[in-house]
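Asker: One file: start39.txt (compact mmCIF, C-alpha atoms).
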# COMPACT_ATOMS: atom_id res chain seq x y z
CA MET A 1149 -3.36 -39.17 26.27
CA THR A 1150 -0.86 -38.97 29.12
CA TYR A 1151 0.72 -35.67 30.10
CA THR A 1152 4.16 -35.63 31.72
CA LEU A 1153 4.99 -32.82 34.08
CA SER A 1154 8.56 -31.56 34.19
CA ALA A 1155 10.53 -31.08 37.38
CA PRO A 1156 9.87 -28.00 39.51
CA ALA A 1157 11.47 -24.85 38.17
CA ASN A 1158 12.63 -23.87 41.66
CA ASP A 1159 13.54 -26.73 43.99
CA ALA A 1160 14.01 -24.44 46.99
CA MET A 1161 10.51 -22.98 46.63
CA ALA A 1162 9.03 -26.43 46.08
CA SER A 1163 10.68 -27.72 49.25
CA ALA A 1164 9.51 -24.67 51.21
CA SER A 1165 5.98 -25.17 49.95
CA ASP A 1166 5.95 -28.83 51.04
CA THR A 1167 7.31 -27.91 54.47
CA LEU A 1168 4.76 -25.16 54.94
CA ILE A 1169 1.77 -27.40 54.30
CA ILE A 1170 2.91 -29.86 56.96
CA GLY A 1171 3.41 -26.94 59.33
CA MET A 1172 -0.08 -25.65 58.48
CA ILE A 1173 -1.65 -28.95 59.44
CA VAL A 1174 0.17 -28.95 62.79
CA VAL A 1175 -0.79 -25.33 63.52
CA TYR A 1176 -4.44 -25.81 62.56
CA ALA A 1177 -4.60 -28.97 64.67
CA ALA A 1178 -3.29 -27.02 67.68
CA ALA A 1179 -5.86 -24.27 67.05
CA LEU A 1180 -8.66 -26.83 66.77
CA PHE A 1181 -7.59 -28.35 70.08
CA LEU A 1182 -7.77 -24.95 71.79
CA PHE A 1183 -11.10 -24.09 70.15
CA ALA A 1184 -12.50 -27.45 71.27
CA ILE A 1185 -11.45 -26.83 74.89
CA GLU A 1186 -13.12 -23.42 74.78
CA ALA A 1187 -16.29 -24.93 73.31
CA ALA A 1188 -16.40 -27.71 75.91
CA TYR A 1189 -15.33 -25.86 79.06
CA GLY A 1190 -15.74 -22.17 78.37
CA ARG A 1191 -18.39 -20.12 80.09
CA ARG A 1192 -21.52 -19.66 77.97
CA THR A 1193 -21.91 -15.90 78.09
CA LYS A 1194 -23.79 -13.18 76.27
CA LEU A 1195 -22.03 -11.69 73.29
CA LYS A 1196 -21.76 -7.96 72.96
CA ALA A 1197 -24.12 -6.17 70.62
CA GLY A 1198 -22.80 -6.41 67.10
CA ARG A 1199 -23.77 -5.96 63.49
CA LEU A 1200 -24.86 -9.49 62.77
CA MET A 1201 -28.33 -9.48 64.30
CA PRO A 1202 -30.07 -6.11 63.84
CA VAL A 1203 -33.23 -7.03 65.75
CA ALA A 1204 -34.97 -4.65 68.12
CA ALA A 1205 -34.07 -5.15 71.75
CA GLY A 1206 -36.46 -7.32 73.67
CA SER A 1207 -38.01 -8.91 70.60
CA ALA A 1208 -38.44 -12.63 70.23
CA GLU A 1209 -39.19 -15.17 67.54
CA SER A 1210 -41.64 -17.99 67.98
CA GLY A 1211 -41.52 -21.26 66.12
CA ALA A 1212 -41.99 -24.96 66.44
CA ASP A 1213 -39.26 -27.55 66.50
CA ASP A 1214 -39.41 -30.79 64.56
CA ASP A 1215 -41.57 -32.34 67.28
CA GLY A 1216 -44.15 -29.57 67.04
CA ILE A 1217 -43.18 -28.04 70.38
CA GLU A 1218 -43.18 -24.27 70.49
CA VAL A 1219 -39.81 -22.70 71.13
CA ARG A 1220 -39.28 -19.02 71.89
CA VAL A 1221 -35.78 -17.75 71.31
CA ARG A 1222 -34.51 -14.33 72.24
CA THR A 1223 -33.24 -12.60 69.12
CA ASN A 1224 -31.94 -9.25 70.32
CA GLU A 1225 -28.21 -8.88 69.99
CA GLY A 1226 -27.54 -8.92 73.72
CA GLU A 1227 -29.07 -12.38 74.07
CA ALA A 1228 -26.75 -14.11 71.61
CA ARG A 1229 -24.66 -16.58 73.59
CA ALA A 1230 -21.55 -18.65 73.01
CA SER A 1231 -18.92 -20.47 75.03
CA GLN A 1232 -16.05 -18.07 75.79
CA SER A 1233 -12.61 -18.37 77.40
CA VAL A 1234 -9.12 -16.93 77.08
CA LEU A 1235 -8.06 -20.04 75.16
CA GLY A 1236 -10.30 -18.92 72.32
CA HIS A 1237 -8.26 -15.76 71.87
CA ILE A 1238 -5.09 -17.83 71.76
CA ALA A 1239 -6.67 -20.25 69.30
CA LEU A 1240 -7.65 -17.35 67.05
CA GLY A 1241 -4.06 -16.10 67.05
CA VAL A 1242 -2.77 -19.59 66.24
CA THR A 1243 -5.29 -19.82 63.41
CA ALA A 1244 -4.04 -16.51 62.01
CA VAL A 1245 -0.50 -17.93 62.00
CA GLY A 1246 -1.75 -20.95 60.09
CA PHE A 1247 -3.49 -18.67 57.61
CA LEU A 1248 -0.28 -16.75 56.93
CA MET A 1249 1.55 -20.04 56.46
CA SER A 1250 -1.13 -21.07 53.97
CA VAL A 1251 -0.67 -17.87 52.00
CA ALA A 1252 3.10 -18.45 51.98
CA GLN A 1253 2.58 -22.07 50.87
CA ILE A 1254 0.45 -21.03 47.90
CA VAL A 1255 2.91 -18.29 46.90
CA THR A 1256 5.95 -20.58 47.08
CA ARG A 1257 4.07 -23.28 45.19
CA GLY A 1258 3.24 -20.82 42.44
CA ILE A 1259 6.84 -19.62 42.23
CA ALA A 1260 8.10 -23.21 42.09
CA ALA A 1261 5.70 -24.11 39.29
CA GLU A 1262 6.00 -20.71 37.57
CA ARG A 1263 2.23 -20.44 37.10
CA TRP A 1264 -1.06 -19.67 38.84
CA PRO A 1265 -1.02 -22.06 41.83
CA TRP A 1266 -4.25 -24.00 41.37
CA GLY A 1267 -4.10 -26.28 38.41
CA ASN A 1268 -4.85 -29.65 40.06
CA MET A 1269 -6.91 -31.13 42.88
CA PHE A 1270 -4.17 -30.80 45.49
CA GLU A 1271 -3.71 -27.09 44.86
CA PHE A 1272 -7.47 -26.59 44.67
CA VAL A 1273 -7.99 -28.19 48.10
CA VAL A 1274 -5.27 -26.05 49.71
CA ALA A 1275 -6.78 -22.86 48.24
CA LEU A 1276 -10.28 -23.93 49.32
CA CYS A 1277 -9.08 -24.37 52.90
CA LEU A 1278 -7.33 -20.99 52.79
CA VAL A 1279 -10.62 -19.29 51.90
CA ALA A 1280 -12.50 -21.21 54.62
CA VAL A 1281 -9.99 -20.10 57.26
CA ALA A 1282 -10.16 -16.53 55.94
CA GLY A 1283 -13.94 -16.72 56.38
CA LEU A 1284 -13.48 -17.98 59.93
CA LEU A 1285 -11.13 -15.11 60.80
CA PHE A 1286 -13.47 -12.57 59.21
CA ALA A 1287 -16.50 -13.92 61.09
CA SER A 1288 -14.53 -13.97 64.34
CA LEU A 1289 -13.47 -10.33 64.05
CA ARG A 1290 -16.66 -8.86 62.60
CA PHE A 1291 -19.41 -11.03 64.06
CA GLN A 1292 -17.79 -12.31 67.30
CA ALA A 1293 -18.10 -15.79 65.81
CA ARG A 1294 -14.84 -17.21 67.16
CA PHE A 1295 -16.80 -20.25 68.30
CA LEU A 1296 -16.96 -21.42 64.67
CA GLY A 1297 -13.30 -22.40 64.91
CA ALA A 1298 -14.16 -25.70 66.57
CA PHE A 1299 -16.37 -26.59 63.61
CA VAL A 1300 -14.74 -25.01 60.54
CA LEU A 1301 -11.25 -26.38 61.26
CA VAL A 1302 -12.52 -29.97 61.29
CA PRO A 1303 -13.27 -30.10 57.53
CA VAL A 1304 -10.20 -27.94 56.86
CA LEU A 1305 -7.91 -30.47 58.52
CA LEU A 1306 -9.69 -33.40 56.86
CA LEU A 1307 -9.30 -31.84 53.42
CA LEU A 1308 -5.65 -30.92 53.97
CA GLY A 1309 -4.95 -34.45 55.18
CA ILE A 1310 -6.64 -35.92 52.10
CA GLY A 1311 -4.73 -33.52 49.90
CA VAL A 1312 -1.33 -34.40 51.34
CA ARG A 1313 -1.99 -38.14 51.54
CA TRP A 1314 -3.81 -38.86 48.27
CA LEU A 1315 -3.90 -35.79 46.01
CA TYR A 1316 -0.35 -34.46 46.20
CA VAL A 1317 1.61 -33.94 42.97
CA GLU A 1318 4.95 -32.24 42.45
CA PRO A 1319 4.71 -28.60 41.34
CA GLY A 1320 5.07 -28.30 37.60
CA PRO A 1321 3.55 -26.74 34.50
CA LEU A 1322 -0.14 -26.98 33.65
CA ILE A 1323 -1.41 -29.50 31.15
CA PRO A 1324 -2.19 -27.91 27.76
CA ALA A 1325 -5.95 -27.87 28.39
CA LEU A 1326 -5.45 -25.43 31.27
CA HIS A 1327 -3.22 -22.94 29.46
CA SER A 1328 -5.74 -20.12 29.61
CA TYR A 1329 -6.31 -16.79 31.31
CA TRP A 1330 -9.64 -18.25 32.50
CA VAL A 1331 -7.87 -20.30 35.20
CA PRO A 1332 -7.39 -17.33 37.59
CA ILE A 1333 -10.91 -16.09 36.76
CA HIS A 1334 -13.16 -19.15 36.62
CA VAL A 1335 -11.32 -21.33 39.15
CA THR A 1336 -10.71 -18.51 41.64
CA ALA A 1337 -14.41 -17.63 41.74
CA LEU A 1338 -15.34 -21.26 42.49
CA ILE A 1339 -12.62 -21.58 45.14
CA VAL A 1340 -13.75 -18.46 47.00
CA ALA A 1341 -17.40 -19.49 46.76
CA GLY A 1342 -16.59 -23.06 47.85
CA GLY A 1343 -14.65 -21.86 50.90
CA ALA A 1344 -17.55 -19.60 51.93
CA PHE A 1345 -19.99 -22.48 51.44
CA MET A 1346 -17.76 -24.55 53.73
CA VAL A 1347 -18.07 -21.99 56.54
CA SER A 1348 -21.81 -21.75 55.96
CA GLY A 1349 -22.18 -25.52 55.94
CA ALA A 1350 -20.25 -25.89 59.20
CA ALA A 1351 -22.40 -23.20 60.80
CA GLY A 1352 -25.53 -24.88 59.46
CA ILE A 1353 -24.67 -28.30 60.86
CA THR A 1354 -23.86 -26.71 64.22
CA TYR A 1355 -27.16 -24.83 64.07
CA LEU A 1356 -29.14 -28.07 63.77
CA VAL A 1357 -27.51 -29.41 66.92
CA SER A 1358 -27.92 -26.11 68.78
CA HIS A 1359 -31.58 -25.82 67.76
CA ARG A 1360 -32.29 -29.29 69.14
CA THR A 1361 -30.52 -28.32 72.34
CA GLU A 1362 -32.67 -25.19 72.74
CA ALA A 1363 -35.79 -27.29 72.15
CA LYS A 1364 -34.75 -29.62 74.96
CA ARG A 1365 -34.17 -26.66 77.27
CA SER A 1366 -37.62 -25.32 76.47
CA ARG A 1367 -39.08 -28.66 77.61
CA GLY A 1368 -37.19 -28.39 80.87
CA GLU A 1369 -34.65 -31.06 80.01
CA GLU A 1370 -31.11 -30.69 81.29
CA VAL A 1371 -28.45 -30.44 78.60
CA THR A 1372 -24.85 -31.19 79.53
CA GLY A 1373 -21.55 -31.45 77.71
CA ILE A 1374 -20.53 -29.54 74.62
CA ALA A 1375 -24.11 -29.56 73.28
CA GLY A 1376 -25.14 -27.39 76.20
CA ARG A 1377 -22.48 -24.80 75.39
CA LEU A 1378 -23.09 -24.40 71.68
CA PRO A 1379 -23.73 -20.90 70.30
CA SER A 1380 -27.28 -19.60 70.09
CA PRO A 1381 -29.11 -21.15 67.10
CA GLU A 1382 -30.35 -17.79 65.81
CA LEU A 1383 -26.76 -16.54 65.70
CA LEU A 1384 -25.59 -19.58 63.74
CA ASP A 1385 -28.51 -19.22 61.35
CA ARG A 1386 -27.62 -15.62 60.55
CA ILE A 1387 -23.93 -16.39 60.07
CA SER A 1388 -24.76 -19.25 57.73
CA HIS A 1389 -27.11 -17.03 55.74
CA ARG A 1390 -24.57 -14.21 55.43
CA PHE A 1391 -21.93 -16.49 53.96
CA ILE A 1392 -24.37 -17.90 51.41
CA LEU A 1393 -25.33 -14.38 50.39
CA PHE A 1394 -21.63 -13.76 49.73
CA ALA A 1395 -20.87 -17.07 48.00
CA PHE A 1396 -23.92 -17.48 45.75
CA PRO A 1397 -23.14 -14.60 43.33
CA LEU A 1398 -19.54 -15.83 43.04
CA TRP A 1399 -20.71 -19.36 42.30
CA THR A 1400 -23.06 -17.96 39.66
CA PHE A 1401 -20.22 -15.97 38.10
CA GLY A 1402 -17.98 -19.05 38.17
CA ILE A 1403 -20.53 -21.10 36.24
CA ILE A 1404 -20.99 -18.35 33.66
CA ALA A 1405 -17.22 -17.87 33.29
CA GLY A 1406 -16.83 -21.63 32.88
CA ALA A 1407 -19.43 -21.63 30.11
CA VAL A 1408 -17.60 -18.87 28.26
CA TRP A 1409 -14.29 -20.73 28.64
CA ALA A 1410 -15.95 -23.95 27.43
CA ASP A 1411 -17.13 -22.16 24.31
CA GLU A 1412 -13.59 -20.97 23.60
CA ALA A 1413 -12.00 -24.35 24.34
CA TRP A 1414 -14.60 -26.87 23.14
CA GLY A 1415 -16.90 -24.87 20.87
CA ARG A 1416 -20.00 -25.02 23.08
CA PHE A 1417 -21.21 -23.21 26.21
CA TRP A 1418 -22.84 -26.25 27.79
CA GLY A 1419 -22.31 -29.93 27.10
CA TRP A 1420 -23.88 -31.68 30.12
CA ASP A 1421 -20.46 -32.68 31.40
CA PRO A 1422 -20.75 -34.15 34.96
CA LYS A 1423 -18.86 -31.18 36.46
CA GLU A 1424 -21.20 -28.74 34.73
CA VAL A 1425 -24.30 -30.65 35.79
CA TRP A 1426 -23.34 -30.89 39.45
CA SER A 1427 -22.27 -27.24 39.58
CA PHE A 1428 -25.73 -26.35 38.31
CA ILE A 1429 -27.39 -28.70 40.83
CA SER A 1430 -25.55 -26.90 43.65
CA TRP A 1431 -26.62 -23.56 42.18
CA LEU A 1432 -30.27 -24.67 42.10
CA ILE A 1433 -30.17 -25.83 45.73
CA TYR A 1434 -28.67 -22.59 47.03
CA ALA A 1435 -31.07 -20.59 44.87
CA ALA A 1436 -33.93 -22.54 46.46
CA TYR A 1437 -32.50 -21.76 49.91
CA LEU A 1438 -32.36 -18.02 49.23
CA HIS A 1439 -35.78 -18.03 47.58
CA ALA A 1440 -37.33 -19.91 50.50
CA ARG A 1441 -35.95 -17.41 52.99
CA ALA A 1442 -36.82 -14.34 50.94
CA THR A 1443 -40.33 -15.21 49.80
CA GLY A 1444 -41.46 -18.20 51.83
CA GLY A 1445 -40.29 -16.89 55.17
CA TRP A 1446 -38.45 -20.12 55.89
CA ARG A 1447 -36.20 -20.00 58.91
CA GLY A 1448 -34.70 -22.58 61.18
CA PRO A 1449 -34.19 -26.29 60.41
CA LYS A 1450 -36.08 -26.37 57.10
CA ALA A 1451 -33.87 -23.75 55.47
CA THR A 1452 -30.74 -25.12 57.15
CA TRP A 1453 -31.28 -28.60 55.75
CA ILE A 1454 -31.34 -27.07 52.26
CA ASN A 1455 -28.03 -25.36 53.06
CA VAL A 1456 -26.47 -28.62 54.28
CA LEU A 1457 -27.69 -30.42 51.16
CA GLY A 1458 -26.16 -27.71 48.98
CA PHE A 1459 -22.82 -28.00 50.77
CA ALA A 1460 -22.89 -31.79 50.32
CA THR A 1461 -23.34 -31.38 46.56
CA VAL A 1462 -20.48 -28.86 46.41
CA MET A 1463 -18.13 -31.34 48.10
CA PHE A 1464 -19.41 -34.16 45.89
CA ASN A 1465 -18.75 -32.02 42.83
CA PHE A 1466 -15.24 -31.11 43.92
CA PHE A 1467 -14.14 -34.67 44.65
CA ALA A 1468 -16.43 -37.50 43.57
CA VAL A 1469 -17.18 -36.10 40.12
CA ASN A 1470 -13.47 -35.98 39.29
CA TYR A 1471 -12.88 -39.61 40.26
CA VAL A 1472 -16.22 -41.37 39.77
CA PHE A 1473 -17.43 -39.93 36.47
CA SER A 1474 -15.67 -39.62 33.16
CA GLY A 1475 -15.83 -36.15 31.66
CA LEU A 1476 -13.94 -33.26 30.17
CA HIS A 1477 -12.96 -32.04 33.65
CA SER A 1478 -11.41 -35.33 34.81
CA TYR A 1479 -7.87 -34.05 34.18
CA ALA A 1480 -8.07 -31.91 37.33
If you took the structure in this file and wrote it as structure tokens, what would it be?

Answerer:
Amino acid sequence: MTYTLSAPANDAMASASDTLIIGMIVVYAAALFLFAIEAAYGRRTKLKAGRLMPVAAGSAESGADDDGIEVRVRTNEGEARASQSVLGHIALGVTAVGFLMSVAQIVTRGIAAERWPWGNMFEFVVALCLVAVAGLLFASLRFQARFLGAFVLVPVLLLLGIGVRWLYVEPGPLIPALHSYWVPIHVTALIVAGGAFMVSGAAGITYLVSHRTEAKRSRGEEVTGIAGRLPSPELLDRISHRFILFAFPLWTFGIIAGAVWADEAWGRFWGWDPKEVWSFISWLIYAAYLHARATGGWRGPKATWINVLGFATVMFNFFAVNYVFSGLHSYA
């Protein structure tokens, strides 16, 4: 069955929404450029004591890298390091402008369509990026994690580019299958969780590179370039963990809410639809990550690889499942 969407209810709002998303891409690209300069040329300095790493002063963690070489990393708050420069402050301000533009884009899109503004893949991607940028701003203000900007904005720009180039549709009414109060409940939970997973995944990938860099330093090898100015691996590990702790309950709630909606719409809670299966696979991977850290004492690369795998399945679920597999969720 083919559904035909009517013209936008408000042409002015639709036009404003389209203009704003192009402006967002330009603003985020400028912020990424400034963050990248800070990461590459800023001075790697100690961060002030904060709330992210409550470890007793002077303590240290011992561990072995993937080559079996012992690495001792300072873990007190004063020893957390990252590349810093005035450009980073400017980049953060530019990112905040882009975030406000993103909020305005979603609002104008919703007004133009006269509905909740995430009923298709394009709108979903824009909302996902909004949450990721919100996570970046929160981490920057609360955890002094401004350095994440150079890594989080890369997938944000890629996703926005994909959305504008290949996923864009004119604002219009929802297809009949999505006429439900569960859209702002079920979909919102998954969007917020997915954006937080994106921040955690970016921090996790950066951690793997930073951990290897610290291992090289411990062997007396000289590290130059941007790799030598990456944030401390223990700091990245804790940031990544915090965002998973936030996102995992939301992802769990989203799956449960989806099951309840499925029972109302299709007469069953679970039907092994590809979207359901891959959502559950992601849930299992992140549950394994949290369990490994809580009971197995896993830290470092082993736990981070689980995080990266989980993020890969989330992205696969959001995009590939909709276009590769045939299922009840393919209309998105």

Asker: Report as a Markdown table the residues of range 1245-1362 of chain A within 7 Å of range 1154-1175 of chain A, each with its shortest atom pair and distance in Å (one decimal), using only C-alpha atoms, ordered by chain and increasing residue number.

Answerer:
| residue | atom | partner | partner_atom | distance |
| --- | --- | --- | --- | --- |
| A:Gly1246 | CA | A:Met1172 | CA | 5.2 |
| A:Met1249 | CA | A:Met1172 | CA | 6.2 |
| A:Ser1250 | CA | A:Met1172 | CA | 6.5 |
| A:Gln1253 | CA | A:Ser1165 | CA | 4.7 |
| A:Thr1256 | CA | A:Met1161 | CA | 5.2 |
| A:Arg1257 | CA | A:Ser1165 | CA | 5.5 |
| A:Ile1259 | CA | A:Met1161 | CA | 6.6 |
| A:Ala1260 | CA | A:Asn1158 | CA | 4.6 |
| A:Ala1261 | CA | A:Pro1156 | CA | 5.7 |
| A:Glu1262 | CA | A:Ala1157 | CA | 6.9 |
| A:Leu1305 | CA | A:Ile1173 | CA | 6.5 |
| A:Pro1319 | CA | A:Pro1156 | CA | 5.5 |
| A:Gly1320 | CA | A:Pro1156 | CA | 5.2 |
| A:Pro1321 | CA | A:Ser1154 | CA | 7.0 |

Asker: So which one's closest to Arg1290 in chain A, A:Ala1178, A:Ala1187, A:Ile1429, A:Ile1387? Using all atoms listed in the file, please.

Answerer: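 When distances to Arg1290 in chain A are compared using all atoms listed in the file, the smallest one comes from A:Ile1387.
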
Asker: May I have the residues within 8 Å of Gly1349 in chain A as a list in words, using only C-alpha atoms and disregarding those fewer than 2 positions away in the same chain?

Answerer: Phe1345, Met1346, Val1347, Ala1351, Gly1352, Ile1353, Ser1388, Asn1455, Val1456 and Phe1459 of chain A

Asker: If we count all atoms listed in the file, what is near Asn1465 in chain A at a cut-off of 10 Å, once residues fewer than 6 positions away on the same chain are taken out, given as a ChimeraX atom specification?

Answerer: /A:1422-1427,1429-1430,1459,1471

Asker: What is the distance between CA of His1439 in chain A and CA of Gly1402 in chain A, in Å to one decimal?

Answerer: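 Computing the Euclidean distance for CA of His1439 in chain A and CA of Gly1402 in chain A yields 20.2 Å.
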
Asker: For CA of Gly1297 in chain A and CA of Pro1332 in chain A, quote the distance in Å rounded to one decimal.

Answerer: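 Pair CA of Gly1297 in chain A / CA of Pro1332 in chain A returns 28.4 Å.
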
Asker: Could you state the separation of CA of Phe1299 in chain A and CA of Pro1381 in chain A in Å, given to one decimal place?

Answerer: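 Computed distance, CA of Phe1299 in chain A to CA of Pro1381 in chain A, equals 14.3 Å.
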
Asker: For the point (-29.9, -27.3, 63.2) in file coordinates, what residues are within 9 Å, counting only C-alpha atoms? Give the answer as JSON, numbers by chain?

Answerer: {"A": [1351, 1352, 1353, 1354, 1355, 1356, 1357, 1358, 1359, 1360, 1381, 1384, 1385, 1448, 1449, 1450, 1452, 1453]}

Asker: Could you take the residues named above and write them with C-alpha atoms, as a CSV table (one decimal), keeping the file's coordinate frame?

Answerer:
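Just written: out_8.csv:
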chain,number,residue,atom,x,y,z
A,1351,ALA,CA,-22.4,-23.2,60.8
A,1352,GLY,CA,-25.5,-24.9,59.5
A,1353,ILE,CA,-24.7,-28.3,60.9
A,1354,THR,CA,-23.9,-26.7,64.2
A,1355,TYR,CA,-27.2,-24.8,64.1
A,1356,LEU,CA,-29.1,-28.1,63.8
A,1357,VAL,CA,-27.5,-29.4,66.9
A,1358,SER,CA,-27.9,-26.1,68.8
A,1359,HIS,CA,-31.6,-25.8,67.8
A,1360,ARG,CA,-32.3,-29.3,69.1
A,1381,PRO,CA,-29.1,-21.2,67.1
A,1384,LEU,CA,-25.6,-19.6,63.7
A,1385,ASP,CA,-28.5,-19.2,61.4
A,1448,GLY,CA,-34.7,-22.6,61.2
A,1449,PRO,CA,-34.2,-26.3,60.4
A,1450,LYS,CA,-36.1,-26.4,57.1
A,1452,THR,CA,-30.7,-25.1,57.2
A,1453,TRP,CA,-31.3,-28.6,55.8

Asker: Determine the nearest neighbour of Val1234 in chain A from the options A:Leu1398, A:Val1273, A:Leu1182, A:Ala1280, counting all atoms listed in the file.

Answerer: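 Looking at the shortest contact to Val1234 in chain A, the residue is A:Leu1182.
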
Asker: List the neighbours of Ala1188 in chain A out to 9 Å using only C-alpha atoms; skip same-chain residues closer than 2 positions along the sequence, and give me the result as a VMD selection string.

Answerer: chain A and resid 1183 to 1186 1190 to 1191 1231 1373 to 1378

Asker: Excluding Leu1322 in chain A and residues on its chain fewer than 3 positions from it, collect all residues at most 8 Å away from it, counting all atoms listed in the file, and give them as a list in words.

Answerer: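 Final neighbour list, sorted by chain and number: Leu1153, Arg1263, Gly1267, Ala1325, Leu1326 and His1327 of chain A.
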
Asker: Determine, counting all atoms listed in the file, which protein, DNA and RNA residues have an atom within 8 Å of an atom of range 1310-1316 of chain A; residues of the same chain fewer than 5 positions away are not included. Present the result as a list in words.

Answerer: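 What passes the distance filter is Met1269, Phe1270, Val1273 and Val1274 of chain A.
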
Asker: With distances taken over only C-alpha atoms, which residue among A:Thr1361, A:Ser1348, A:Thr1400, A:Thr1443 lies nearest Arg1386 in chain A?

Answerer: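 Distance minimum relative to Arg1386 in chain A lands on A:Ser1348.
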
Asker: Could you tell me which of A:Trp1330, A:Glu1271, A:Val1255, A:Val1279 comes closest to Asp1411 in chain A if we count only C-alpha atoms?

Answerer: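 Closest candidate: A:Trp1330.
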
Asker: Looking at A:Arg1365, A:Ala1275, A:Glu1382, A:Ser1288, which one is nearest to His1237 in chain A, with distances taken over only C-alpha atoms?

Answerer: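 Comparing A:Arg1365, A:Ala1275, A:Glu1382, A:Ser1288 against His1237 in chain A, the winner is A:Ser1288.
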